[in-house]
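The structure file data.txt is reproduced below (compact mmCIF, C-alpha atoms).
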# COMPACT_ATOMS: atom_id res chain seq x y z
CA MET E 1 -43.29 190.66 -34.14
CA SER E 2 -43.91 187.57 -36.29
CA HIS E 3 -41.06 185.36 -37.56
CA PHE E 4 -41.92 186.43 -41.14
CA ARG E 5 -41.77 190.14 -40.28
CA ARG E 6 -38.42 189.67 -38.50
CA ARG E 7 -36.97 187.86 -41.53
CA ARG E 8 -38.25 190.54 -43.89
CA GLY E 9 -36.74 193.24 -41.75
CA LEU E 10 -33.39 191.48 -41.63
CA TRP E 11 -33.48 190.98 -45.43
CA ALA E 12 -34.20 194.69 -45.98
CA LEU E 13 -31.41 195.61 -43.60
CA GLY E 14 -29.06 193.33 -45.51
CA VAL E 15 -29.98 195.01 -48.79
CA VAL E 16 -29.36 198.46 -47.29
CA LEU E 17 -25.96 197.37 -45.96
CA ALA E 18 -25.05 195.80 -49.29
CA LEU E 19 -26.04 199.00 -51.07
CA ALA E 20 -23.94 201.04 -48.69
CA LEU E 21 -20.98 198.77 -49.32
CA GLY E 22 -21.54 198.71 -53.07
CA LEU E 23 -21.87 194.92 -53.09
CA LEU E 24 -25.05 194.65 -55.19
CA ALA E 25 -25.27 195.88 -58.77
CA ARG E 26 -28.41 197.55 -60.02
CA PRO E 27 -29.33 194.64 -62.37
CA VAL E 28 -29.19 192.23 -59.41
CA LEU E 29 -31.38 194.49 -57.33
CA ASP E 30 -33.81 194.76 -60.25
CA ALA E 31 -33.98 190.99 -60.41
CA LEU E 32 -34.67 190.86 -56.65
CA GLY E 33 -37.53 193.29 -57.13
CA VAL E 34 -35.98 196.00 -54.96
CA PHE E 35 -36.42 198.60 -57.69
CA SER E 36 -39.05 196.73 -59.68
CA ASP E 37 -40.49 198.69 -62.58
CA THR E 38 -42.58 195.83 -63.92
CA GLY E 39 -45.72 197.25 -65.49
CA ASP E 40 -44.24 200.71 -66.01
CA PRO E 41 -44.52 202.28 -69.48
CA ILE E 42 -41.42 201.96 -71.65
CA SER E 43 -40.39 203.18 -75.08
CA PHE E 44 -37.57 201.99 -77.32
CA ALA E 45 -37.50 205.26 -79.24
CA THR E 46 -34.18 207.09 -79.50
CA ASP E 47 -33.21 210.59 -80.61
CA GLY E 48 -32.21 209.24 -84.03
CA ASP E 49 -35.58 207.69 -84.78
CA VAL E 50 -36.72 210.14 -87.44
CA PRO E 51 -37.16 209.34 -91.13
CA LEU E 52 -34.16 209.64 -93.37
CA SER E 53 -34.27 212.99 -95.11
CA PRO E 54 -35.56 212.56 -98.66
CA ALA E 55 -33.11 213.67 -101.31
CA PRO E 56 -32.83 213.11 -105.02
CA THR E 57 -30.64 210.31 -106.27
CA VAL E 58 -27.59 211.56 -108.04
CA GLY E 59 -25.07 209.89 -110.32
CA GLY E 60 -21.32 210.09 -110.27
CA GLY E 61 -18.82 208.77 -107.81
CA ASP E 62 -21.34 208.05 -105.05
CA GLY E 63 -22.72 205.07 -106.98
CA GLY E 64 -26.20 206.56 -107.16
CA ARG E 65 -26.65 206.98 -103.40
CA ARG E 66 -28.31 209.97 -101.84
CA PRO E 67 -25.85 212.66 -100.78
CA GLY E 68 -24.83 212.35 -97.13
CA VAL E 69 -26.11 208.79 -96.68
CA ALA E 70 -23.55 206.26 -95.52
CA PRO E 71 -23.18 202.90 -97.32
CA GLY E 72 -25.96 200.60 -96.20
CA ALA E 73 -28.14 203.42 -94.86
CA SER E 74 -30.63 202.95 -97.69
CA GLU E 75 -31.33 199.56 -96.12
CA VAL E 76 -32.43 201.21 -92.89
CA ARG E 77 -36.14 201.55 -92.17
CA MET E 78 -36.81 204.04 -89.40
CA PRO E 79 -39.79 203.30 -87.12
CA THR E 80 -42.95 203.87 -89.13
CA GLY E 81 -45.35 204.25 -86.20
CA PRO E 82 -47.83 204.27 -84.68
CA ALA E 83 -45.98 203.70 -81.42
CA ALA E 84 -47.25 200.76 -79.39
CA ALA E 85 -48.04 200.99 -75.68
CA PHE E 86 -45.23 198.87 -74.22
CA SER E 87 -44.80 198.14 -70.53
CA VAL E 88 -41.92 196.50 -68.70
CA ALA E 89 -42.37 192.74 -68.35
CA ALA E 90 -38.95 191.74 -67.02
CA THR E 91 -35.39 192.90 -66.47
CA VAL E 92 -32.41 190.93 -67.77
CA PRO E 93 -30.22 190.50 -64.65
CA GLU E 94 -26.95 190.37 -66.57
CA ASP E 95 -27.17 193.88 -68.05
CA GLY E 96 -30.35 195.55 -66.82
CA SER E 97 -31.93 195.63 -70.29
CA LYS E 98 -35.71 195.49 -70.41
CA ILE E 99 -38.13 192.99 -71.88
CA ALA E 100 -41.38 194.74 -72.71
CA VAL E 101 -44.86 193.60 -73.66
CA THR E 102 -47.80 195.02 -75.56
CA THR E 103 -51.15 193.80 -76.78
CA LEU E 104 -51.34 193.81 -80.56
CA LYS E 105 -54.58 193.98 -82.50
CA GLY E 106 -53.55 192.38 -85.77
CA ARG E 107 -54.71 194.52 -88.66
CA LYS E 108 -54.25 191.74 -91.22
CA SER E 109 -55.16 188.66 -89.20
CA GLY E 110 -57.87 190.12 -87.00
CA PHE E 111 -56.32 188.31 -84.04
CA THR E 112 -55.45 190.12 -80.80
CA GLY E 113 -52.64 188.81 -78.62
CA ARG E 114 -49.59 189.75 -76.60
CA VAL E 115 -46.11 190.31 -78.00
CA TRP E 116 -42.94 190.63 -75.91
CA VAL E 117 -39.94 192.49 -77.31
CA TRP E 118 -36.31 193.05 -76.40
CA ALA E 119 -33.60 195.20 -77.95
CA PRO E 120 -29.86 194.44 -77.63
CA PRO E 121 -27.60 196.91 -75.79
CA GLN E 122 -26.25 198.20 -79.13
CA TYR E 123 -29.69 199.51 -80.03
CA LYS E 124 -29.31 202.59 -77.83
CA ASP E 125 -25.60 203.02 -78.46
CA PRO E 126 -25.13 206.43 -80.16
CA ALA E 127 -22.80 204.76 -82.68
CA TYR E 128 -25.82 202.86 -84.03
CA ALA E 129 -28.34 205.69 -83.76
CA ARG E 130 -29.13 205.61 -87.49
CA SER E 131 -28.63 201.89 -88.03
CA GLY E 132 -31.23 199.25 -88.77
CA PHE E 133 -31.21 196.05 -86.70
CA PRO E 134 -32.00 192.48 -87.70
CA VAL E 135 -35.09 190.89 -86.16
CA LEU E 136 -35.45 187.38 -84.77
CA ILE E 137 -39.02 186.23 -84.10
CA ALA E 138 -38.71 183.68 -81.27
CA LEU E 139 -41.50 181.11 -80.93
CA PRO E 140 -42.03 178.71 -78.02
CA GLY E 141 -43.02 175.08 -77.90
CA GLY E 142 -45.98 173.71 -76.04
CA ALA E 143 -49.11 175.79 -75.73
CA GLY E 144 -47.37 179.07 -76.48
CA TYR E 145 -50.20 180.80 -74.63
CA PRO E 146 -50.86 182.91 -72.57
CA VAL E 147 -47.11 183.63 -72.48
CA ASN E 148 -44.15 183.02 -74.74
CA TYR E 149 -41.54 181.38 -72.54
CA TRP E 150 -38.65 183.10 -74.34
CA MET E 151 -39.59 186.28 -72.49
CA GLY E 152 -38.48 184.71 -69.21
CA THR E 153 -34.98 185.56 -68.06
CA ASP E 154 -34.39 182.00 -66.77
CA LEU E 155 -33.67 180.65 -70.27
CA LYS E 156 -31.15 183.46 -70.88
CA LEU E 157 -31.93 183.92 -74.57
CA GLU E 158 -31.67 187.71 -74.30
CA ALA E 159 -28.55 187.64 -72.12
CA SER E 160 -26.91 185.13 -74.47
CA ILE E 161 -27.57 187.19 -77.60
CA ALA E 162 -26.25 190.28 -75.84
CA ARG E 163 -23.05 188.45 -74.89
CA TRP E 164 -22.59 186.66 -78.23
CA SER E 165 -23.11 189.87 -80.21
CA LYS E 166 -20.41 191.62 -78.17
CA GLU E 167 -18.11 188.66 -78.82
CA GLY E 168 -18.80 188.83 -82.55
CA ARG E 169 -20.52 185.44 -82.65
CA SER E 170 -24.04 186.69 -83.33
CA LEU E 171 -25.73 189.69 -84.86
CA PRO E 172 -27.39 191.96 -82.27
CA PHE E 173 -30.93 190.81 -82.95
CA VAL E 174 -34.07 192.59 -81.82
CA LEU E 175 -36.30 189.85 -80.41
CA ALA E 176 -40.04 189.62 -81.03
CA MET E 177 -41.79 187.00 -78.90
CA PRO E 178 -45.50 186.68 -79.72
CA VAL E 179 -47.98 184.17 -78.39
CA LEU E 180 -47.99 181.15 -80.70
CA ASN E 181 -51.57 179.98 -80.25
CA PRO E 182 -54.83 181.84 -79.62
CA ARG E 183 -55.99 179.77 -76.66
CA PRO E 184 -54.59 177.40 -74.03
CA ASP E 185 -53.55 173.88 -74.99
CA THR E 186 -56.46 171.56 -74.25
CA GLY E 187 -55.75 167.96 -75.10
CA GLY E 188 -53.01 168.74 -77.62
CA LEU E 189 -54.90 171.41 -79.53
CA TYR E 190 -52.71 173.79 -81.53
CA TRP E 191 -52.91 175.85 -84.70
CA ASP E 192 -49.66 174.97 -86.54
CA ALA E 193 -48.82 178.68 -86.93
CA SER E 194 -51.18 178.64 -89.90
CA ASP E 195 -54.36 180.15 -91.30
CA ILE E 196 -56.55 177.08 -90.81
CA PRO E 197 -60.00 177.64 -92.35
CA GLY E 198 -62.52 178.78 -89.76
CA GLN E 199 -59.82 179.46 -87.14
CA PRO E 200 -57.85 182.52 -86.01
CA LYS E 201 -55.30 183.37 -88.70
CA MET E 202 -52.20 182.56 -86.69
CA GLY E 203 -49.99 182.31 -89.77
CA THR E 204 -50.80 185.86 -90.80
CA TRP E 205 -50.50 187.02 -87.19
CA LEU E 206 -46.97 185.62 -86.83
CA THR E 207 -45.53 186.50 -90.24
CA GLU E 208 -47.24 189.80 -91.06
CA ASP E 209 -48.83 191.50 -88.04
CA VAL E 210 -45.91 190.86 -85.68
CA PRO E 211 -43.27 192.11 -88.19
CA ASP E 212 -45.47 195.17 -88.82
CA LEU E 213 -45.42 195.87 -85.06
CA ILE E 214 -41.64 195.69 -84.99
CA ARG E 215 -41.27 197.91 -88.05
CA ALA E 216 -43.58 200.45 -86.43
CA ASN E 217 -41.47 200.70 -83.27
CA PHE E 218 -37.86 199.80 -84.09
CA ARG E 219 -35.17 200.65 -86.60
CA THR E 220 -35.12 197.63 -88.88
CA LEU E 221 -33.80 196.59 -92.29
CA ARG E 222 -35.83 196.85 -95.45
CA SER E 223 -34.76 193.58 -97.03
CA ARG E 224 -35.36 190.01 -95.92
CA ASP E 225 -31.65 189.92 -95.00
CA GLY E 226 -32.70 191.36 -91.64
CA TRP E 227 -35.50 188.91 -90.80
CA ALA E 228 -35.39 185.42 -89.27
CA VAL E 229 -37.57 183.10 -87.20
CA MET E 230 -36.52 180.68 -84.46
CA GLY E 231 -38.49 178.23 -82.38
CA SER E 232 -38.59 174.98 -80.42
CA SER E 233 -40.84 171.98 -81.00
CA THR E 234 -44.10 173.37 -82.43
CA GLY E 235 -42.33 176.72 -82.57
CA GLY E 236 -39.56 175.02 -84.54
CA PHE E 237 -42.14 173.76 -87.02
CA ALA E 238 -43.47 177.31 -87.25
CA ALA E 239 -39.97 178.66 -87.96
CA LEU E 240 -39.31 176.14 -90.75
CA LYS E 241 -42.72 176.57 -92.29
CA SER E 242 -42.81 180.36 -92.12
CA VAL E 243 -39.44 180.86 -93.81
CA LEU E 244 -40.12 178.26 -96.52
CA GLN E 245 -43.61 179.65 -97.11
CA LYS E 246 -42.55 183.30 -97.25
CA PRO E 247 -38.91 183.33 -98.40
CA ARG E 248 -39.24 186.85 -99.73
CA ARG E 249 -40.03 188.08 -96.21
CA PHE E 250 -37.60 185.94 -94.20
CA LYS E 251 -34.11 184.67 -94.95
CA ALA E 252 -33.28 182.28 -92.12
CA ALA E 253 -34.70 179.98 -89.47
CA ILE E 254 -33.42 178.19 -86.40
CA ALA E 255 -35.58 175.13 -85.70
CA SER E 256 -34.93 173.25 -82.44
CA GLY E 257 -36.40 169.77 -82.06
CA PRO E 258 -38.98 170.74 -84.68
CA ASP E 259 -42.10 168.96 -85.80
CA ILE E 260 -41.75 168.35 -89.54
CA VAL E 261 -45.38 168.02 -90.64
CA PRO E 262 -48.56 170.00 -89.88
CA ASP E 263 -50.61 167.62 -87.76
CA SER E 264 -53.15 169.72 -85.86
CA ARG E 265 -56.53 168.03 -85.66
CA LEU E 266 -58.00 171.33 -86.85
CA TRP E 267 -56.85 170.45 -90.39
CA ALA E 268 -59.58 167.79 -90.65
CA GLY E 269 -61.47 168.39 -93.90
CA HIS E 270 -58.85 170.85 -95.18
CA GLU E 271 -56.22 168.67 -96.84
CA ARG E 272 -55.34 171.13 -99.60
CA GLN E 273 -54.69 173.91 -97.10
CA ARG E 274 -52.76 171.53 -94.84
CA ARG E 275 -50.41 170.62 -97.69
CA ALA E 276 -49.88 174.32 -98.39
CA ASN E 277 -48.42 174.58 -94.87
CA ASP E 278 -46.24 171.45 -95.00
CA PRO E 279 -42.49 172.25 -94.86
CA ARG E 280 -41.75 169.27 -97.11
CA VAL E 281 -44.09 170.52 -99.82
CA LEU E 282 -42.87 174.09 -99.41
CA ALA E 283 -39.21 173.07 -99.62
CA ALA E 284 -39.85 171.06 -102.79
CA GLU E 285 -41.69 174.01 -104.35
CA LEU E 286 -38.86 176.41 -103.47
CA ILE E 287 -36.30 174.04 -104.98
CA ARG E 288 -38.32 173.81 -108.20
CA ALA E 289 -38.64 177.61 -108.29
CA GLY E 290 -34.89 178.01 -107.88
CA GLY E 291 -35.01 180.47 -105.00
CA PRO E 292 -34.65 182.73 -103.22
CA ASP E 293 -32.07 181.09 -100.98
CA VAL E 294 -33.10 180.30 -97.41
CA PHE E 295 -30.86 179.22 -94.55
CA LEU E 296 -32.32 176.63 -92.18
CA ALA E 297 -30.33 175.87 -89.02
CA VAL E 298 -31.69 172.77 -87.30
CA GLN E 299 -30.79 171.18 -83.98
CA VAL E 300 -32.04 168.02 -82.30
CA GLY E 301 -31.00 166.06 -79.23
CA THR E 302 -30.36 162.36 -78.75
CA ALA E 303 -32.42 161.85 -75.58
CA GLY E 304 -36.14 161.51 -74.83
CA SER E 305 -38.61 162.60 -77.48
CA ASP E 306 -35.83 164.20 -79.51
CA ALA E 307 -34.30 160.76 -80.00
CA ARG E 308 -37.59 159.62 -81.55
CA ALA E 309 -37.89 162.76 -83.66
CA ARG E 310 -34.29 162.69 -84.84
CA PRO E 311 -34.75 160.33 -87.83
CA LYS E 312 -37.50 162.56 -89.25
CA VAL E 313 -35.45 165.71 -88.71
CA GLU E 314 -32.38 164.19 -90.33
CA GLY E 315 -34.51 162.82 -93.16
CA PHE E 316 -35.90 166.27 -93.89
CA VAL E 317 -32.43 167.81 -93.97
CA ARG E 318 -31.06 165.01 -96.14
CA THR E 319 -33.95 165.17 -98.63
CA TYR E 320 -34.37 168.90 -99.07
CA THR E 321 -30.85 170.32 -98.80
CA LYS E 322 -30.38 171.28 -102.41
CA GLY E 323 -30.52 174.34 -104.62
CA PRO E 324 -31.82 177.34 -102.67
CA VAL E 325 -32.50 175.35 -99.49
CA ARG E 326 -29.32 175.59 -97.41
CA THR E 327 -29.17 173.76 -94.09
CA ARG E 328 -26.95 173.27 -91.08
CA LEU E 329 -27.74 170.39 -88.72
CA SER E 330 -26.44 170.07 -85.16
CA VAL E 331 -27.06 166.86 -83.20
CA ILE E 332 -26.76 167.49 -79.46
CA ARG E 333 -25.31 164.40 -77.78
CA GLY E 334 -27.33 163.70 -74.64
CA GLY E 335 -29.54 166.72 -75.31
CA GLY E 336 -33.25 166.55 -74.57
CA HIS E 337 -36.37 168.18 -75.95
CA ASN E 338 -36.17 171.41 -73.97
CA ALA E 339 -35.08 175.02 -74.32
CA ARG E 340 -32.35 174.65 -71.71
CA THR E 341 -30.64 172.23 -74.08
CA TYR E 342 -31.23 174.34 -77.16
CA VAL E 343 -30.07 177.80 -76.04
CA PRO E 344 -26.41 176.92 -75.26
CA ASN E 345 -26.18 174.89 -78.47
CA LEU E 346 -27.20 177.89 -80.56
CA VAL E 347 -23.58 178.96 -80.24
CA ASP E 348 -21.91 175.62 -79.36
CA GLY E 349 -23.43 174.09 -82.49
CA GLY E 350 -22.56 177.11 -84.63
CA LEU E 351 -26.18 177.85 -85.51
CA ILE E 352 -26.43 181.50 -84.49
CA GLN E 353 -23.04 182.18 -86.12
CA TRP E 354 -24.19 180.53 -89.35
CA ILE E 355 -27.40 182.47 -89.83
CA SER E 356 -25.66 185.68 -88.72
CA ALA E 357 -23.07 185.19 -91.47
CA HIS E 358 -25.86 185.07 -94.06
CA MET E 359 -27.85 188.01 -92.72
CA ARG E 360 -27.25 191.76 -92.42
CA GLY E 361 -26.43 193.59 -89.23
CA PRO E 362 -26.39 197.23 -88.13
CA VAL E 363 -23.75 199.56 -89.56
CA PRO E 364 -22.15 201.80 -86.91
CA GLY E 365 -21.89 205.44 -87.85
CA ALA E 366 -24.64 205.37 -90.51
CA VAL E 367 -26.12 208.84 -90.96
CA GLY E 368 -29.29 210.14 -92.48

Take the structure I supplied and represent it as structure tokens, if you would.
Amino acid sequence: MSHFRRRRGLWALGVVLALALGLLARPVLDALGVFSDTGDPISFATDGDVPLSPAPTVGGGDGGRRPGVAPGASEVRMPTGPAAAFSVAATVPEDGSKIAVTTLKGRKSGFTGRVWVWAPPQYKDPAYARSGFPVLIALPGGAGYPVNYWMGTDLKLEASIARWSKEGRSLPFVLAMPVLNPRPDTGGLYWDASDIPGQPKMGTWLTEDVPDLIRANFRTLRSRDGWAVMGSSTGGFAALKSVLQKPRRFKAAIASGPDIVPDSRLWAGHERQRRANDPRVLAAELIRAGGPDVFLAVQVGTAGSDARARPKVEGFVRTYTKGPVRTRLSVIRGGGHNARTYVPNLVDGGLIQWISAHMRGPVPGAVG
């Protein structure tokens, strides 16, 4: 018997003994691949996922609500369908919850790409069976293709939101994690999360097709109070730009070490369109329009490339925090330009608490 086979046999024996002694929890075993269901079909549907019963609006003491509908239930949008074909992509070790993936053919953008999703533990809690959940679209830095690194359990975004929501420090967000770019990064090529003329319409993909996918498969909220975007680096730029560009669709952003200007080389020859995707221009236009209010949480470190980006980030916040543009800035002392710095500071810097306070969460006990 080879050394490898002997080691594998001893490892399997150890797992069996640990199981017999009750020493290993199921989430840990999932993470070790003992009961791996990666690639298996999965659905997020629950027994309560049927449309709210239509009923005439009545006057009187109910304030014009439909009979039998709890306060806030009119905000709930039940899954519209069609159901997507999700499969398991990963298991969160801390609680056994599943991260799933599907391939989305964007009806509005024409772009086809992968989207990873995750629902917080509250989503399948019977107390929230008729409740709509807020959505956080999480965008990566770097190439953002062929995967979105937020779907990996090593960064603990999902586990952190699950814990923070139980502690009352964050809303229980449904996460949508789409690819950010249509192709691999070759020599610094990226699409600025925008509809650049002659290129795949990544702006429409991220802000319309991906939300449509989530509305089709999850209980969400009808108003922009239930929609936010977060991201790091180029994903941070995308978060800022998307919320400022479409404030009637999204209410809040968390931008970590963000780029401030659209600078893809694909904008060459398209200056007017580039300016229409510049967060500085968009913020100024929103201020002149007088609203609606948006809430931009920004964080930046003091080390490495974040130290060089910090003056631009602080300048943006200083210049455009007025009127409907509300901001919260957190400077991470010693923090670098990486997600491992940014995730803990979402709560340490008060960012996730701040946007949660200005958004809407699920209402337990809502009925249809």

| request: Please indicate the distance in Å from CA of Ala138 (chain E) to CA of Ile355 (chain E), rounded to one decimal place. | output: 14.2 Å

| message | Show me the residues around (-59.0, 179.8, -73.7) - criterion: an atom at most 12 Å away, only C-alpha atoms counted - as a ChimeraX atom specification. | response | /E:143-146,181-186,189-190

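Compared by their closest atoms to Gly106 (chain E), and using only C-alpha atoms, the residues E:Asp278, E:Glu158, E:Glu208, E:Glu167 rank with E:Glu208 nearest.
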
List every residue of region 171-249 of chain E that has an atom at most 10 Å from any atom of region 281-291 of chain E, giving for each one its closest atom pair and the distance in Å to one decimal, counting all atoms listed in the file, sorted by chain and then by ascending residue number, as a Markdown table.
| residue | atom | partner | partner_atom | distance |
| --- | --- | --- | --- | --- |
| E:Leu240 | CA | E:Ala283 | CA | 9.4 |
| E:Lys241 | CA | E:Leu282 | CA | 7.5 |
| E:Ser242 | CA | E:Leu282 | CA | 9.6 |
| E:Val243 | CA | E:Leu282 | CA | 9.4 |
| E:Leu244 | CA | E:Leu282 | CA | 5.8 |
| E:Gln245 | CA | E:Leu282 | CA | 6.1 |
| E:Lys246 | CA | E:Leu282 | CA | 9.5 |
| E:Pro247 | CA | E:Gly291 | CA | 8.2 |
| E:Arg248 | CA | E:Gly291 | CA | 9.3 |

| request: For Tyr128 (chain E), please output as a PyMOL selection string all residues within 9 Å (counting all atoms listed in the file; exclusion window: fewer than 6 positions along the same chain). | output: chain E and resi 122+362-366

| task | Tell me, as a PyMOL selection string, which residues lie within 10 Å of Asp154 (chain E), counting only C-alpha atoms; anything in the same chain fewer than 3 positions away does not count. | result | chain E and resi 92-93+149-151+157-159+340

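Closest approach to Met177 (chain E) among E:Leu329, E:Ile214, E:Ala85, E:Ala45: E:Ile214, based on only C-alpha atoms.
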
| query | Nearest to Leu175 (chain E): which of E:Gly226, E:Gly304, E:Pro79, E:Pro258 is it, counting all atoms listed in the file? | reply | E:Gly226
